[in-house]
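Peer 1: Input structure: upload-v1.txt, which contains compact mmCIF, C-alpha atoms.
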# COMPACT_ATOMS: atom_id res chain seq x y z
CA MET B 1 90.48 113.24 72.36
CA GLN B 2 93.05 110.70 71.26
CA SER B 3 93.02 109.59 67.66
CA VAL B 4 92.11 106.09 66.56
CA GLU B 5 95.60 105.65 65.10
CA LYS B 6 97.14 106.22 68.53
CA TRP B 7 94.84 103.57 70.05
CA SER B 8 95.79 101.00 67.44
CA THR B 9 99.10 100.37 69.22
CA ARG B 10 97.33 99.28 72.38
CA SER B 11 97.01 95.59 73.18
CA ASP B 12 93.22 95.91 73.41
CA ALA B 13 92.84 97.97 70.24
CA TRP B 14 89.94 97.30 67.90
CA THR B 15 90.95 95.29 64.87
CA PRO B 16 89.21 95.68 61.50
CA ALA B 17 87.71 92.21 62.03
CA ASP B 18 86.30 93.34 65.40
CA ASP B 19 84.83 96.44 63.76
CA GLU B 20 83.22 94.38 61.00
CA ARG B 21 81.74 91.87 63.43
CA LEU B 22 80.38 94.65 65.65
CA ALA B 23 78.81 96.34 62.62
CA GLU B 24 77.27 93.04 61.44
CA ILE B 25 75.73 92.39 64.84
CA VAL B 26 74.32 95.91 65.22
CA LEU B 27 72.90 95.94 61.69
CA GLN B 28 71.32 92.51 62.24
CA HIS B 29 69.62 93.81 65.38
CA ILE B 30 68.36 96.86 63.50
CA ARG B 31 66.96 94.59 60.74
CA THR B 32 65.13 92.41 63.24
CA GLY B 33 63.71 95.33 65.24
CA SER B 34 65.85 94.65 68.26
CA THR B 35 67.59 97.39 70.21
CA GLN B 36 71.17 98.53 69.84
CA LEU B 37 71.69 97.86 73.55
CA LYS B 38 70.95 94.18 72.93
CA ALA B 39 73.32 94.30 69.98
CA PHE B 40 76.05 95.75 72.20
CA ASP B 41 75.46 92.99 74.77
CA GLU B 42 75.73 90.28 72.11
CA ALA B 43 78.83 91.88 70.57
CA ALA B 44 80.42 92.22 74.01
CA ASN B 45 79.98 88.49 74.65
CA GLU B 46 81.38 87.56 71.28
CA LEU B 47 84.27 90.04 71.16
CA GLY B 48 85.31 89.82 74.80
CA ARG B 49 84.63 93.48 75.56
CA THR B 50 82.13 95.41 77.62
CA PRO B 51 78.78 96.48 76.17
CA ALA B 52 79.80 100.09 76.87
CA ALA B 53 82.98 99.68 74.82
CA CYS B 54 80.96 98.23 71.94
CA GLY B 55 78.45 101.09 72.14
CA TYR B 56 81.20 103.66 72.23
CA ARG B 57 82.94 102.10 69.23
CA TRP B 58 79.71 101.89 67.21
CA ASN B 59 78.47 105.39 68.02
CA GLY B 60 81.84 107.12 67.98
CA VAL B 61 83.55 105.51 65.01
CA LEU B 62 81.63 102.97 62.95
CA ARG B 63 78.11 104.34 62.54
CA LYS B 64 79.25 107.42 60.60
CA ASP B 65 80.79 105.26 57.89
CA ARG B 66 77.77 102.96 57.67
CA ARG B 67 74.85 105.38 57.33
CA ASP B 68 73.69 103.72 54.13
CA ALA B 69 73.83 100.26 55.70
CA VAL B 70 71.84 101.52 58.72
CA GLU B 71 69.15 103.00 56.46
CA GLU B 72 69.02 99.77 54.45
CA ALA B 73 68.64 97.73 57.65
CA LYS B 74 65.77 99.97 58.74
CA GLN B 75 64.08 99.49 55.37
CA VAL B 76 64.42 95.70 55.71
CA ARG B 77 62.85 95.90 59.16
CA LYS B 78 59.95 98.00 57.88
CA ALA B 79 59.38 95.65 54.95
CA ALA B 80 59.37 92.64 57.27
CA GLN B 81 56.87 94.38 59.54
CA ARG B 82 54.60 95.20 56.58
CA ASN B 83 54.77 91.64 55.22
CA HIS B 84 54.05 90.20 58.62
CA ALA B 85 51.09 92.54 59.11
CA LYS B 86 49.71 91.62 55.65
CA SER B 87 49.94 87.92 56.44
CA GLY B 88 47.70 88.39 59.46
CA GLY B 89 50.45 88.45 62.07
CA SER B 90 50.87 90.91 64.87
CA ARG B 91 52.01 94.46 64.23
CA ASP B 92 55.45 93.58 65.65
CA GLY B 93 57.24 92.43 62.52
CA ALA B 94 60.40 91.86 64.50
CA ALA B 95 58.84 88.81 66.12
CA ALA B 96 58.91 87.00 62.79
CA VAL B 97 62.59 87.72 62.20
CA ARG B 98 63.98 87.86 65.73
CA PRO B 99 63.77 84.20 66.87
CA MET B 100 66.65 83.04 64.66
CA GLY B 101 68.87 85.81 66.00
CA SER B 102 67.79 85.00 69.54
CA ILE B 103 68.53 81.32 69.07
CA GLN B 104 71.95 82.13 67.69
CA ALA B 105 72.60 84.43 70.64
CA VAL B 106 71.56 81.67 73.05
CA ILE B 107 73.79 79.17 71.28
CA GLN B 108 76.73 81.55 71.42
CA PHE B 109 76.08 82.23 75.10
CA LEU B 110 75.87 78.52 75.90
CA GLN B 111 79.08 77.81 73.97
CA SER B 112 80.97 80.54 75.80
CA TYR B 113 79.42 79.39 79.09
CA GLU B 114 80.53 75.83 78.38
CA GLN B 115 84.06 77.05 77.68
CA GLN B 116 84.08 78.99 80.95
CA VAL B 117 82.83 75.96 82.88
CA GLN B 118 85.52 73.77 81.33
CA ALA B 119 88.20 76.34 82.20
CA LEU B 120 86.94 76.40 85.79
CA ARG B 121 86.97 72.60 85.93
CA ASP B 122 90.56 72.56 84.69
CA GLN B 123 91.53 75.17 87.27
CA LEU B 124 89.78 73.20 90.02
CA GLN B 125 91.62 70.03 89.02
CA GLN B 126 94.94 71.88 89.06
CA LEU B 127 94.21 73.33 92.51
CA GLN B 128 93.25 69.90 93.83
CA SER B 129 96.51 68.46 92.52
CA GLU B 130 98.46 71.26 94.19
CA ARG B 131 96.56 70.66 97.45
CA ASP B 132 97.34 66.93 97.33
CA ALA B 133 101.03 67.64 96.71
CA LEU B 134 101.14 70.08 99.61
CA GLN B 135 99.39 67.60 101.92
CA SER B 136 101.91 64.90 100.99
CA ARG B 137 104.78 67.30 101.68
CA LEU B 138 103.26 68.28 105.03
CA GLN B 139 102.92 64.61 106.04
CA ALA B 140 106.54 63.96 105.05
CA LEU B 141 107.73 66.92 107.11
CA GLU B 142 105.62 65.89 110.09
CA SER B 143 106.96 62.33 109.99
CA ALA B 144 110.56 63.60 109.76
CA ALA B 145 110.12 65.92 112.74
CA PRO B 146 110.94 64.50 116.20
CA PRO B 147 107.99 63.77 118.50
CA ALA B 148 106.79 66.68 120.57
CA GLY B 149 107.90 65.27 123.95
CA SER B 150 111.33 64.02 122.80
CA GLY B 151 113.14 67.10 124.03
CA ALA B 152 114.60 67.94 120.65
CA PHE B 153 112.82 71.25 120.84
CA LEU B 154 112.99 72.99 124.20
CA THR B 155 110.74 75.78 125.23
CA PRO B 156 112.38 78.80 126.84
CA GLU B 157 110.91 77.76 130.20
CA GLN B 158 112.39 74.25 129.93
CA LEU B 159 115.78 75.68 128.98
CA GLU B 160 115.75 78.08 131.96
CA HIS B 161 114.76 75.31 134.38
CA ASP B 162 117.47 72.94 133.05
CA SER B 163 120.09 75.73 133.25
CA LYS B 164 119.23 76.48 136.89
CA THR B 165 119.44 72.78 137.75
CA LEU B 166 122.83 72.46 136.03
CA PHE B 167 124.21 75.52 137.84
CA ALA B 168 122.94 74.18 141.16
CA ILE B 169 124.72 70.85 140.55
CA MET B 170 127.93 72.65 139.56
CA GLU B 171 127.75 74.83 142.68
CA ARG B 172 127.36 71.74 144.91
CA ALA B 173 130.32 70.08 143.19
CA ARG B 174 132.46 73.19 143.73
CA ARG B 175 131.56 73.32 147.43
CA MET B 176 132.36 69.65 147.83
CA LEU B 177 135.76 70.19 146.24
CA GLU B 178 136.44 73.12 148.52
CA THR B 179 135.41 71.10 151.54
CA ASP B 180 137.70 68.21 150.47
CA LYS B 181 140.57 70.63 149.91
CA SER B 182 140.19 72.24 153.28
CA LYS B 183 140.11 68.81 154.99
CA ALA B 184 143.22 67.76 153.18
CA GLU B 185 145.15 70.76 154.41
So that I can check it, write out the structure of this file as structure tokens.
Peer 2:
Amino acid sequence: MQSVEKWSTRSDAWTPADDERLAEIVLQHIRTGSTQLKAFDEAANELGRTPAACGYRWNGVLRKDRRDAVEEAKQVRKAAQRNHAKSGGSRDGAAAVRPMGSIQAVIQFLQSYEQQVQALRDQLQQLQSERDALQSRLQALESAAPPAGSGAFLTPEQLEHDSKTLFAIMERARRMLETDKSKAE
């Protein structure tokens, strides 16, 4: 297996800021009773990576160094569940904590979705401009070209027919000259 140091020279290498953000997201999901898979999905959206890459990074590199933080997050989740149960709520204590995280995830998704839509609109506008320019160029070329029946462009059949006609005329002219020559002698 390649070492982390070797990967750090890659263009898609994990930065310390990426690692910290991934850890924050996963720990927040643990605190709220959510699953790590949901955490990996959220982190993937935010960090521009795949959920599998986030899961691999968390499980293979980051979790070992954050055992205390994971245990603390689990304790927070258990305390929230107990407090919620004492206050007459359902046994799922995560429901009391989760909505804020869910709302933030929805907001982040909508913001990234809006950015993607804007990028697509910009790309569409650029493509429409290119199409218009190409249509103008095509019209200019069509107007500069001679009309189809003007004879500027001959088909091979037309060229063959015209050549045969020309040779026939030349042959008649040669015979006439020969006939005139023989009469003159």
Peer 1: Determine, using only C-alpha atoms, which residues of region 105-125 of chain B have any atom at most 12 Å from an atom of region 129-148 of chain B, and tabulate each with its shortest atom pair and distance in Å to one decimal place, rows ordered by chain and then rising number, as CSV.
Peer 2:
residue,atom,partner,partner_atom,distance
B:Asp122,CA,B:Ser129,CA,10.7
B:Gln123,CA,B:Ser129,CA,9.9
B:Leu124,CA,B:Ser129,CA,8.6
B:Gln125,CA,B:Ser129,CA,6.2
Peer 1: Hey, can you check how far CA of Gln108 (chain B) sits from CA of Asp68 (chain B)?
Peer 2: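 Value for the CA of Gln108 (chain B)-CA of Asp68 (chain B) distance: 28.3 Å.
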Peer 1: Work out how far CA of Thr32 (chain B) is from CA of Arg77 (chain B), in Å to one decimal.
Peer 2: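 So the two atoms, CA of Arg77 (chain B) and CA of Thr32 (chain B), lie 5.8 Å apart.
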Peer 1: So the first atom is CA of Lys38 (chain B) and the second is CA of Ala119 (chain B); what is the distance between them in Å, to one decimal place?
Peer 2: 26.5 Å
Peer 1: When you count all atoms listed in the file, which of these residues is closest to Asp12 (chain B): B:Leu47, B:Val26, B:Ala105, B:Val76?
Peer 2: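 Among the listed residues, B:Leu47 lies closest to Asp12 (chain B).
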Peer 1: I'd like to know which of B:Phe40, B:Phe167, B:Phe109, B:Tyr56 is closest to Arg21 (chain B), using all atoms listed in the file.
Peer 2: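 Of all the options, B:Phe40 lies closest to Arg21 (chain B).
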Peer 1: Taking into account all atoms listed in the file, which residue in the set B:Ala53, B:Ile30, B:Thr35, B:Val70 is nearest to Ala13 (chain B)?
Peer 2: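 When distances to Ala13 (chain B) are compared using all atoms listed in the file, the smallest one comes from B:Ala53.
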Peer 1: Would you give the centre and edge lengths, in Å to one decimal, of a box along x, y and z around the listed atoms of region 65-71 of chain B, with 6 Å added to each side, as JSON?
Peer 2:
{"center_x": 75.0, "center_y": 102.8, "center_z": 56.4, "size_x": 23.6, "size_y": 17.1, "size_z": 16.6}
Peer 1: Is it possible to add N, CA and C atoms to region 130-147 of chain B and hand it back as a PDB file, in the frame of the given file?
Peer 2:
ATOM      1  N   GLU B 130      97.538  70.491  93.352  1.00  0.00           N
ATOM      2  CA  GLU B 130      98.460  71.260  94.190  1.00  0.00           C
ATOM      3  C   GLU B 130      98.199  70.992  95.669  1.00  0.00           C
ATOM      4  N   ARG B 131      96.920  70.941  96.052  1.00  0.00           N
ATOM      5  CA  ARG B 131      96.560  70.660  97.450  1.00  0.00           C
ATOM      6  C   ARG B 131      97.071  69.295  97.863  1.00  0.00           C
ATOM      7  N   ASP B 132      96.871  68.282  97.014  1.00  0.00           N
ATOM      8  CA  ASP B 132      97.340  66.930  97.330  1.00  0.00           C
ATOM      9  C   ASP B 132      98.852  66.893  97.490  1.00  0.00           C
ATOM     10  N   ALA B 133      99.568  67.597  96.618  1.00  0.00           N
ATOM     11  CA  ALA B 133     101.030  67.640  96.710  1.00  0.00           C
ATOM     12  C   ALA B 133     101.470  68.307  98.005  1.00  0.00           C
ATOM     13  N   LEU B 134     100.787  69.380  98.372  1.00  0.00           N
ATOM     14  CA  LEU B 134     101.140  70.080  99.610  1.00  0.00           C
ATOM     15  C   LEU B 134     100.819  69.226 100.845  1.00  0.00           C
ATOM     16  N   GLN B 135      99.717  68.480 100.801  1.00  0.00           N
ATOM     17  CA  GLN B 135      99.390  67.600 101.920  1.00  0.00           C
ATOM     18  C   GLN B 135     100.425  66.489 102.059  1.00  0.00           C
ATOM     19  N   SER B 136     100.876  65.943 100.949  1.00  0.00           N
ATOM     20  CA  SER B 136     101.910  64.900 100.990  1.00  0.00           C
ATOM     21  C   SER B 136     103.200  65.465 101.577  1.00  0.00           C
ATOM     22  N   ARG B 137     103.553  66.665 101.167  1.00  0.00           N
ATOM     23  CA  ARG B 137     104.780  67.300 101.680  1.00  0.00           C
ATOM     24  C   ARG B 137     104.659  67.570 103.171  1.00  0.00           C
ATOM     25  N   LEU B 138     103.492  68.019 103.616  1.00  0.00           N
ATOM     26  CA  LEU B 138     103.260  68.280 105.030  1.00  0.00           C
ATOM     27  C   LEU B 138     103.394  66.988 105.844  1.00  0.00           C
ATOM     28  N   GLN B 139     102.819  65.901 105.343  1.00  0.00           N
ATOM     29  CA  GLN B 139     102.920  64.610 106.040  1.00  0.00           C
ATOM     30  C   GLN B 139     104.370  64.166 106.126  1.00  0.00           C
ATOM     31  N   ALA B 140     105.136  64.347 105.046  1.00  0.00           N
ATOM     32  CA  ALA B 140     106.540  63.960 105.050  1.00  0.00           C
ATOM     33  C   ALA B 140     107.318  64.775 106.083  1.00  0.00           C
ATOM     34  N   LEU B 141     107.044  66.067 106.143  1.00  0.00           N
ATOM     35  CA  LEU B 141     107.730  66.920 107.110  1.00  0.00           C
ATOM     36  C   LEU B 141     107.343  66.562 108.539  1.00  0.00           C
ATOM     37  N   GLU B 142     106.074  66.254 108.747  1.00  0.00           N
ATOM     38  CA  GLU B 142     105.620  65.890 110.090  1.00  0.00           C
ATOM     39  C   GLU B 142     106.246  64.563 110.538  1.00  0.00           C
ATOM     40  N   SER B 143     106.379  63.622 109.601  1.00  0.00           N
ATOM     41  CA  SER B 143     106.960  62.330 109.990  1.00  0.00           C
ATOM     42  C   SER B 143     108.465  62.457 110.216  1.00  0.00           C
ATOM     43  N   ALA B 144     109.131  63.399 109.575  1.00  0.00           N
ATOM     44  CA  ALA B 144     110.560  63.600 109.760  1.00  0.00           C
ATOM     45  C   ALA B 144     110.868  64.377 111.033  1.00  0.00           C
ATOM     46  N   ALA B 145     109.911  65.134 111.533  1.00  0.00           N
ATOM     47  CA  ALA B 145     110.120  65.920 112.740  1.00  0.00           C
ATOM     48  C   ALA B 145     110.109  65.013 113.967  1.00  0.00           C
ATOM     49  N   PRO B 146     110.942  65.307 114.980  1.00  0.00           N
ATOM     50  CA  PRO B 146     110.940  64.500 116.200  1.00  0.00           C
ATOM     51  C   PRO B 146     109.620  64.664 116.948  1.00  0.00           C
ATOM     52  N   PRO B 147     109.241  63.667 117.729  1.00  0.00           N
ATOM     53  CA  PRO B 147     107.990  63.770 118.500  1.00  0.00           C
ATOM     54  C   PRO B 147     108.032  64.965 119.438  1.00  0.00           C
TER      55      PRO B 147
END
